[in-house]
Amino acid sequence: MSHDRLPVVIAAAAGVAGLAISIYLTVVHYSALPLVCSTTAAVDCGRVLSSGYAVIAGTGVPTSMAGVAWFAVSTTLATAQLARPSSQNLAHIHLVWSGLGLATVLYLVFVEIVQLGAICIWCTVVHILVLVTFLVVWIHRSRLTM
Amino acid sequence: MAGHTPRPRRPATKRARKQPVRKPISRTPEWLAPVGVVAGVALLVGVFLVIRYMNTPAPPRAIDSTSTTAVVAAITSLPASELDQVGLGSATNPIKRISGSLLTDSTGKPVVFYLGAEFCPFCAFERWGMIIALSRFGTFSGLQATTSSATDAYPNTPTFTFRNATFTSHYIDFQPIETSDRNGSPLQSPTAAQQALLSRYDTSDAIPFVDFGNQYAFTGATYTNPGILDGMSWSQIAAALEQPGSAQAMAILGSANLITAATCQLTGQQPASVCSRAIIQAIEAKL
């Protein structure tokens, strides 16, 4: 694997991992599957995922569904860049998409810390994957534009 | 110097003549921007933690049993017309129809089962609506004032605990379980039958969990922002509930109407003075 393709490969891997977690959280929301998560004072997935913020405002759609959509698009963009590694357009679109994801993550972290006072460990892993995606996409685009 | 032969001067090469005339400008390192982003995110998280700390209200002053009785009396004697006026208010409806056989106690009365914990802020909020709603079907005694955890979400939310409460009713058997005190220490445990309910209908282990005779159930609170009770005393909340337009009344009385409607489904629409009210009928139609 060439050094230049590594950021895109990482973005694709983060996309697949985030997609898997988001699908798991969505399935748990709609089914009777138990949520695997430890509960301490600050970490409580149940509290976060049963709060009003666990669904997209004004709908019954779980927020994790938005995660499924975001990671699906991000993985698709990363895969497309693996096929066309020198495409500046793809890199630019992916950077904008990652920026939107990171902004959403910051809002959700605000909700967890300030509004709910609890952290969902699954959500945190997803948030880190979005941050990693943003960083590697940024690096990839910077290399292309140099 | 003896024996020292001076070296001939090396002729200037082409390479040597091409020495840069100024120091080259170094490129910004590739890692600098990503590190900056990570630092920015970390800073924001730190700011969030500070906001959280700054906005954590002090616990309201504890009230004695006489004041507790007065507050409970006030909120359980609100005029039905006010509850009608609020309707669903700002409450959300998490109540779901479930497919169980009607759960009754040994006397044949439908069971309303509640599972919560004293530390839990959503339980703290939900108890206000539950007390108001269930008091339309019976009478509480032994309710004690308490607050949710000081270190949880919506810290120190004023509420009452069902820990030592009793409920007498001709229509339903209310079975509350408070699993932990406000510090997280264990209090009460569900029976095997109640545990079976939880395993079936509360698979995410969320609290509060309320089962209406195995016909309806919900987890979580019927209002998304228990923070509307932040910094208020029990008496202030009781006073706010007498104002139908207040945020507290819209949320708590809306929640009470939802719980009333679900309970009416169990009692064969009894008592008629409660269940036949137009707003309750309208909410029942949505369940």
# chains A, B, ... in the order shown; residues from 1 in each chain; ligands from 1

call {"tool": "select_by_dssp", "arguments": {"residues": "stretch 68-186 of chain B", "states": "helix (DSSP H, G or I)", "output": "list in words"}}
result
Thr68, Thr69, Ala70, Val71, Val72, Ala73, Ala74, Ile75, Ala80, Ser81, Glu82, Leu83, Asp84, Gln85, Val86, Pro121, Phe122, Cys123, Ala124, Phe125, Glu126, Arg127, Trp128, Gly129, Met130, Ile131, Ile132, Ala133 and Leu134 of chain B

call {"tool": "write_last_selection", "arguments": {"atoms": "N, CA and C atoms", "output": "mmCIF file, in the first residue's frame"}}
result
data_model
loop_
_atom_site.group_PDB
_atom_site.id
_atom_site.type_symbol
_atom_site.label_atom_id
_atom_site.label_comp_id
_atom_site.auth_asym_id
_atom_site.auth_seq_id
_atom_site.Cartn_x
_atom_site.Cartn_y
_atom_site.Cartn_z
ATOM 1 N N THR B 68 -44.027 18.238 53.207
ATOM 2 C CA THR B 68 -44.197 17.227 52.157
ATOM 3 C C THR B 68 -45.674 16.895 51.996
ATOM 4 N N THR B 69 -46.338 16.674 53.111
ATOM 5 C CA THR B 69 -47.769 16.354 53.064
ATOM 6 C C THR B 69 -48.546 17.481 52.401
ATOM 7 N N ALA B 70 -48.169 18.716 52.722
ATOM 8 C CA ALA B 70 -48.883 19.870 52.148
ATOM 9 C C ALA B 70 -48.682 19.938 50.633
ATOM 10 N N VAL B 71 -47.447 19.676 50.194
ATOM 11 C CA VAL B 71 -47.173 19.735 48.753
ATOM 12 C C VAL B 71 -47.919 18.614 48.037
ATOM 13 N N VAL B 72 -47.875 17.403 48.621
ATOM 14 C CA VAL B 72 -48.578 16.271 47.991
ATOM 15 C C VAL B 72 -50.075 16.576 47.921
ATOM 16 N N ALA B 73 -50.605 17.140 48.999
ATOM 17 C CA ALA B 73 -52.034 17.486 49.006
ATOM 18 C C ALA B 73 -52.340 18.507 47.913
ATOM 19 N N ALA B 74 -51.436 19.448 47.732
ATOM 20 C CA ALA B 74 -51.674 20.487 46.716
ATOM 21 C C ALA B 74 -51.674 19.910 45.308
ATOM 22 N N ILE B 75 -50.716 19.047 45.023
ATOM 23 C CA ILE B 75 -50.620 18.566 43.630
ATOM 24 C C ILE B 75 -51.646 17.479 43.321
ATOM 25 N N ALA B 80 -59.700 19.218 38.033
ATOM 26 C CA ALA B 80 -59.705 18.438 36.790
ATOM 27 C C ALA B 80 -59.768 19.357 35.576
ATOM 28 N N SER B 81 -60.401 20.497 35.747
ATOM 29 C CA SER B 81 -60.516 21.430 34.613
ATOM 30 C C SER B 81 -59.132 21.921 34.173
ATOM 31 N N GLU B 82 -58.215 22.048 35.143
ATOM 32 C CA GLU B 82 -56.866 22.492 34.769
ATOM 33 C C GLU B 82 -56.148 21.392 33.985
ATOM 34 N N LEU B 83 -56.315 20.156 34.454
ATOM 35 C CA LEU B 83 -55.705 19.038 33.712
ATOM 36 C C LEU B 83 -56.299 18.961 32.305
ATOM 37 N N ASP B 84 -57.595 19.201 32.212
ATOM 38 C CA ASP B 84 -58.244 19.201 30.888
ATOM 39 C C ASP B 84 -57.649 20.291 30.009
ATOM 40 N N GLN B 85 -57.444 21.444 30.611
ATOM 41 C CA GLN B 85 -56.939 22.593 29.857
ATOM 42 C C GLN B 85 -55.547 22.317 29.285
ATOM 43 N N VAL B 86 -54.721 21.623 30.080
ATOM 44 C CA VAL B 86 -53.349 21.341 29.625
ATOM 45 C C VAL B 86 -53.343 20.251 28.554
ATOM 46 N N PRO B 121 -32.737 11.066 37.457
ATOM 47 C CA PRO B 121 -33.449 12.334 37.274
ATOM 48 C C PRO B 121 -34.729 12.191 36.467
ATOM 49 N N PHE B 122 -34.722 11.263 35.510
ATOM 50 C CA PHE B 122 -35.937 11.072 34.708
ATOM 51 C C PHE B 122 -37.041 10.440 35.562
ATOM 52 N N CYS B 123 -36.626 9.566 36.495
ATOM 53 C CA CYS B 123 -37.609 8.998 37.439
ATOM 54 C C CYS B 123 -38.133 10.125 38.332
ATOM 55 N N ALA B 124 -37.222 11.007 38.742
ATOM 56 C CA ALA B 124 -37.614 12.123 39.617
ATOM 57 C C ALA B 124 -38.683 12.961 38.948
ATOM 58 N N PHE B 125 -38.459 13.237 37.674
ATOM 59 C CA PHE B 125 -39.450 14.022 36.937
ATOM 60 C C PHE B 125 -40.750 13.236 36.811
ATOM 61 N N GLU B 126 -40.632 11.962 36.443
ATOM 62 C CA GLU B 126 -41.812 11.165 36.114
ATOM 63 C C GLU B 126 -42.720 10.958 37.318
ATOM 64 N N ARG B 127 -42.120 10.898 38.519
ATOM 65 C CA ARG B 127 -42.950 10.638 39.711
ATOM 66 C C ARG B 127 -43.985 11.738 39.933
ATOM 67 N N TRP B 128 -43.651 12.986 39.581
ATOM 68 C CA TRP B 128 -44.637 14.062 39.749
ATOM 69 C C TRP B 128 -45.912 13.725 38.976
ATOM 70 N N GLY B 129 -45.760 13.386 37.720
ATOM 71 C CA GLY B 129 -46.925 13.063 36.889
ATOM 72 C C GLY B 129 -47.623 11.803 37.367
ATOM 73 N N MET B 130 -46.825 10.825 37.798
ATOM 74 C CA MET B 130 -47.434 9.562 38.258
ATOM 75 C C MET B 130 -48.271 9.781 39.509
ATOM 76 N N ILE B 131 -47.746 10.575 40.423
ATOM 77 C CA ILE B 131 -48.485 10.820 41.678
ATOM 78 C C ILE B 131 -49.806 11.534 41.374
ATOM 79 N N ILE B 132 -49.732 12.522 40.494
ATOM 80 C CA ILE B 132 -50.949 13.264 40.140
ATOM 81 C C ILE B 132 -51.944 12.346 39.425
ATOM 82 N N ALA B 133 -51.431 11.545 38.496
ATOM 83 C CA ALA B 133 -52.332 10.674 37.724
ATOM 84 C C ALA B 133 -52.940 9.583 38.608
ATOM 85 N N LEU B 134 -52.108 8.871 39.330
ATOM 86 C CA LEU B 134 -52.622 7.736 40.109
ATOM 87 C C LEU B 134 -53.516 8.200 41.254
#

call {"tool": "residues_around", "arguments": {"residues": "A:Ala80", "least_positions_apart": "2", "cutoff": "12 Å", "atoms": "only C-alpha atoms", "output": "list in words"}}
result
Arg5, Val8, Val9, Ala11, Ala12, Val73, Ser74, Thr75, Thr76, Leu77, Ala78, Leu82, Ala83, Arg84, Pro85, Ser86, Ser87, Gln88, Asn89, Leu90, Ala91, Ile93 and His94 of chain A

call {"tool": "write_last_selection", "arguments": {"atoms": "N, CA and C atoms", "output": "compact mmCIF listing (two decimals), in the first residue's frame"}}
result
# COMPACT_ATOMS: atom_id res chain seq x y z
N ARG A 5 -1.99 6.49 -0.11
CA ARG A 5 -3.33 5.91 -0.02
C ARG A 5 -3.72 5.58 1.41
N VAL A 8 -6.83 7.31 3.02
CA VAL A 8 -8.11 6.88 2.45
C VAL A 8 -8.48 5.48 2.96
N VAL A 9 -7.47 4.63 3.07
CA VAL A 9 -7.73 3.28 3.61
C VAL A 9 -8.23 3.39 5.05
N ALA A 11 -9.79 5.94 6.34
CA ALA A 11 -11.16 6.50 6.28
C ALA A 11 -12.16 5.40 5.95
N ALA A 12 -11.80 4.53 5.02
CA ALA A 12 -12.70 3.43 4.64
C ALA A 12 -12.91 2.48 5.82
N VAL A 73 -22.24 6.90 3.46
CA VAL A 73 -21.76 7.85 2.47
C VAL A 73 -20.24 8.00 2.57
N SER A 74 -19.74 8.09 3.81
CA SER A 74 -18.29 8.27 4.01
C SER A 74 -17.52 7.07 3.47
N THR A 75 -18.03 5.86 3.72
CA THR A 75 -17.35 4.66 3.22
C THR A 75 -17.37 4.65 1.69
N THR A 76 -18.49 5.04 1.12
CA THR A 76 -18.60 5.08 -0.34
C THR A 76 -17.58 6.07 -0.92
N LEU A 77 -17.48 7.24 -0.30
CA LEU A 77 -16.53 8.24 -0.78
C LEU A 77 -15.10 7.74 -0.66
N ALA A 78 -14.80 7.08 0.46
CA ALA A 78 -13.43 6.57 0.64
C ALA A 78 -13.12 5.49 -0.39
N LEU A 82 -10.24 5.35 -3.33
CA LEU A 82 -9.26 4.28 -3.52
C LEU A 82 -9.13 3.97 -5.02
N ALA A 83 -10.28 4.06 -5.71
CA ALA A 83 -10.26 3.80 -7.15
C ALA A 83 -9.67 4.99 -7.92
N ARG A 84 -9.92 6.19 -7.42
CA ARG A 84 -9.41 7.40 -8.10
C ARG A 84 -8.65 8.24 -7.07
N PRO A 85 -7.47 7.78 -6.68
CA PRO A 85 -6.75 8.42 -5.56
C PRO A 85 -6.33 9.86 -5.82
N SER A 86 -6.30 10.28 -7.08
CA SER A 86 -5.83 11.66 -7.34
C SER A 86 -6.99 12.63 -7.56
N SER A 87 -8.22 12.18 -7.32
CA SER A 87 -9.37 13.06 -7.56
C SER A 87 -9.48 14.11 -6.46
N GLN A 88 -9.28 15.35 -6.86
CA GLN A 88 -9.40 16.44 -5.87
C GLN A 88 -10.86 16.71 -5.53
N ASN A 89 -11.75 16.50 -6.50
CA ASN A 89 -13.18 16.73 -6.24
C ASN A 89 -13.69 15.78 -5.15
N LEU A 90 -13.34 14.50 -5.31
CA LEU A 90 -13.78 13.52 -4.30
C LEU A 90 -13.21 13.88 -2.93
N ALA A 91 -11.95 14.27 -2.93
CA ALA A 91 -11.31 14.63 -1.65
C ALA A 91 -12.01 15.82 -1.02
N ILE A 93 -15.19 16.84 -1.55
CA ILE A 93 -16.54 16.44 -1.10
C ILE A 93 -16.44 15.67 0.22
N HIS A 94 -15.46 14.77 0.30
CA HIS A 94 -15.31 13.97 1.52
C HIS A 94 -14.95 14.86 2.71

call {"tool": "residues_around", "arguments": {"residues": "A:Thr104", "least_positions_apart": "3", "cutoff": "12 Å", "atoms": "only C-alpha atoms", "output": "PyMOL selection string"}}
result
chain A and resi 56+63+66-67+70+97-101+107-111+126-127+130-131

call {"tool": "write_last_selection", "arguments": {"atoms": "N, CA and C atoms", "output": "PDB file, in the first residue's frame"}}
result
ATOM      1  N   ILE A  56     -34.092  11.633  16.318  1.00  0.00           N
ATOM      2  CA  ILE A  56     -33.978  12.896  15.592  1.00  0.00           C
ATOM      3  C   ILE A  56     -35.192  13.744  15.929  1.00  0.00           C
ATOM      4  N   THR A  63     -31.239   8.462  16.383  1.00  0.00           N
ATOM      5  CA  THR A  63     -30.078   9.217  15.907  1.00  0.00           C
ATOM      6  C   THR A  63     -29.052   8.288  15.263  1.00  0.00           C
ATOM      7  N   ALA A  66     -29.080   8.163  11.589  1.00  0.00           N
ATOM      8  CA  ALA A  66     -28.312   9.207  10.907  1.00  0.00           C
ATOM      9  C   ALA A  66     -26.853   8.769  10.801  1.00  0.00           C
ATOM     10  N   GLY A  67     -26.376   8.066  11.834  1.00  0.00           N
ATOM     11  CA  GLY A  67     -25.017   7.540  11.810  1.00  0.00           C
ATOM     12  C   GLY A  67     -24.843   6.514  10.697  1.00  0.00           C
ATOM     13  N   TRP A  70     -24.586   8.474   7.501  1.00  0.00           N
ATOM     14  CA  TRP A  70     -23.336   9.233   7.381  1.00  0.00           C
ATOM     15  C   TRP A  70     -22.162   8.302   7.062  1.00  0.00           C
ATOM     16  N   TRP A  97     -18.099  16.599   3.800  1.00  0.00           N
ATOM     17  CA  TRP A  97     -18.951  15.603   4.476  1.00  0.00           C
ATOM     18  C   TRP A  97     -18.411  15.305   5.879  1.00  0.00           C
ATOM     19  N   SER A  98     -17.115  15.160   5.984  1.00  0.00           N
ATOM     20  CA  SER A  98     -16.492  14.884   7.282  1.00  0.00           C
ATOM     21  C   SER A  98     -16.673  16.060   8.234  1.00  0.00           C
ATOM     22  N   GLY A  99     -16.577  17.274   7.680  1.00  0.00           N
ATOM     23  CA  GLY A  99     -16.775  18.472   8.509  1.00  0.00           C
ATOM     24  C   GLY A  99     -18.178  18.533   9.072  1.00  0.00           C
ATOM     25  N   LEU A 100     -19.163  18.184   8.236  1.00  0.00           N
ATOM     26  CA  LEU A 100     -20.555  18.137   8.725  1.00  0.00           C
ATOM     27  C   LEU A 100     -20.688  17.103   9.834  1.00  0.00           C
ATOM     28  N   GLY A 101     -20.057  15.955   9.624  1.00  0.00           N
ATOM     29  CA  GLY A 101     -20.111  14.893  10.639  1.00  0.00           C
ATOM     30  C   GLY A 101     -19.475  15.337  11.934  1.00  0.00           C
ATOM     31  N   TYR A 107     -21.991  18.659  18.578  1.00  0.00           N
ATOM     32  CA  TYR A 107     -23.309  18.937  19.174  1.00  0.00           C
ATOM     33  C   TYR A 107     -23.728  17.773  20.076  1.00  0.00           C
ATOM     34  N   LEU A 108     -23.536  16.540  19.599  1.00  0.00           N
ATOM     35  CA  LEU A 108     -23.965  15.377  20.393  1.00  0.00           C
ATOM     36  C   LEU A 108     -23.136  15.233  21.674  1.00  0.00           C
ATOM     37  N   VAL A 109     -21.854  15.575  21.581  1.00  0.00           N
ATOM     38  CA  VAL A 109     -21.013  15.545  22.788  1.00  0.00           C
ATOM     39  C   VAL A 109     -21.504  16.604  23.777  1.00  0.00           C
ATOM     40  N   PHE A 110     -21.886  17.769  23.240  1.00  0.00           N
ATOM     41  CA  PHE A 110     -22.466  18.824  24.093  1.00  0.00           C
ATOM     42  C   PHE A 110     -23.712  18.291  24.809  1.00  0.00           C
ATOM     43  N   VAL A 111     -24.570  17.615  24.064  1.00  0.00           N
ATOM     44  CA  VAL A 111     -25.801  17.067  24.659  1.00  0.00           C
ATOM     45  C   VAL A 111     -25.456  16.064  25.761  1.00  0.00           C
ATOM     46  N   VAL A 126     -18.101   5.933  18.176  1.00  0.00           N
ATOM     47  CA  VAL A 126     -18.549   6.473  16.881  1.00  0.00           C
ATOM     48  C   VAL A 126     -18.019   7.901  16.684  1.00  0.00           C
ATOM     49  N   HIS A 127     -18.067   8.698  17.735  1.00  0.00           N
ATOM     50  CA  HIS A 127     -17.578  10.076  17.630  1.00  0.00           C
ATOM     51  C   HIS A 127     -16.084  10.104  17.288  1.00  0.00           C
ATOM     52  N   VAL A 130     -15.565   9.357  13.671  1.00  0.00           N
ATOM     53  CA  VAL A 130     -15.851  10.525  12.821  1.00  0.00           C
ATOM     54  C   VAL A 130     -14.670  11.495  12.849  1.00  0.00           C
ATOM     55  N   LEU A 131     -14.117  11.706  14.038  1.00  0.00           N
ATOM     56  CA  LEU A 131     -12.961  12.602  14.159  1.00  0.00           C
ATOM     57  C   LEU A 131     -11.782  12.069  13.360  1.00  0.00           C
TER      58      LEU A 131
END

call {"tool": "residues_around", "arguments": {"residues": "A:Glu112", "least_positions_apart": "3", "cutoff": "12 Å", "atoms": "only C-alpha atoms", "output": "ChimeraX atom specification"}}
result
/A:42-45,47-49,51-54,105-109,115-121,123-124,127 /B:45,48-49,52,152-154

call {"tool": "atom_distance", "arguments": {"atom1": "atom CA of B:Val35", "atom2": "atom CA of A:Val137"}}
result
13.8 Å

call {"tool": "closest_residue", "arguments": {"among": "B:Pro155, B:Pro190, B:Gly108, B:Gly213", "to": "chain A", "atoms": "only C-alpha atoms"}}
result
B:Pro155

call {"tool": "residues_around", "arguments": {"residues": "B:Pro79", "least_positions_apart": "6", "cutoff": "12 Å", "atoms": "only C-alpha atoms", "output": "PyMOL selection string"}}
result
chain B and resi 85-86+132+136+241-244+253+274
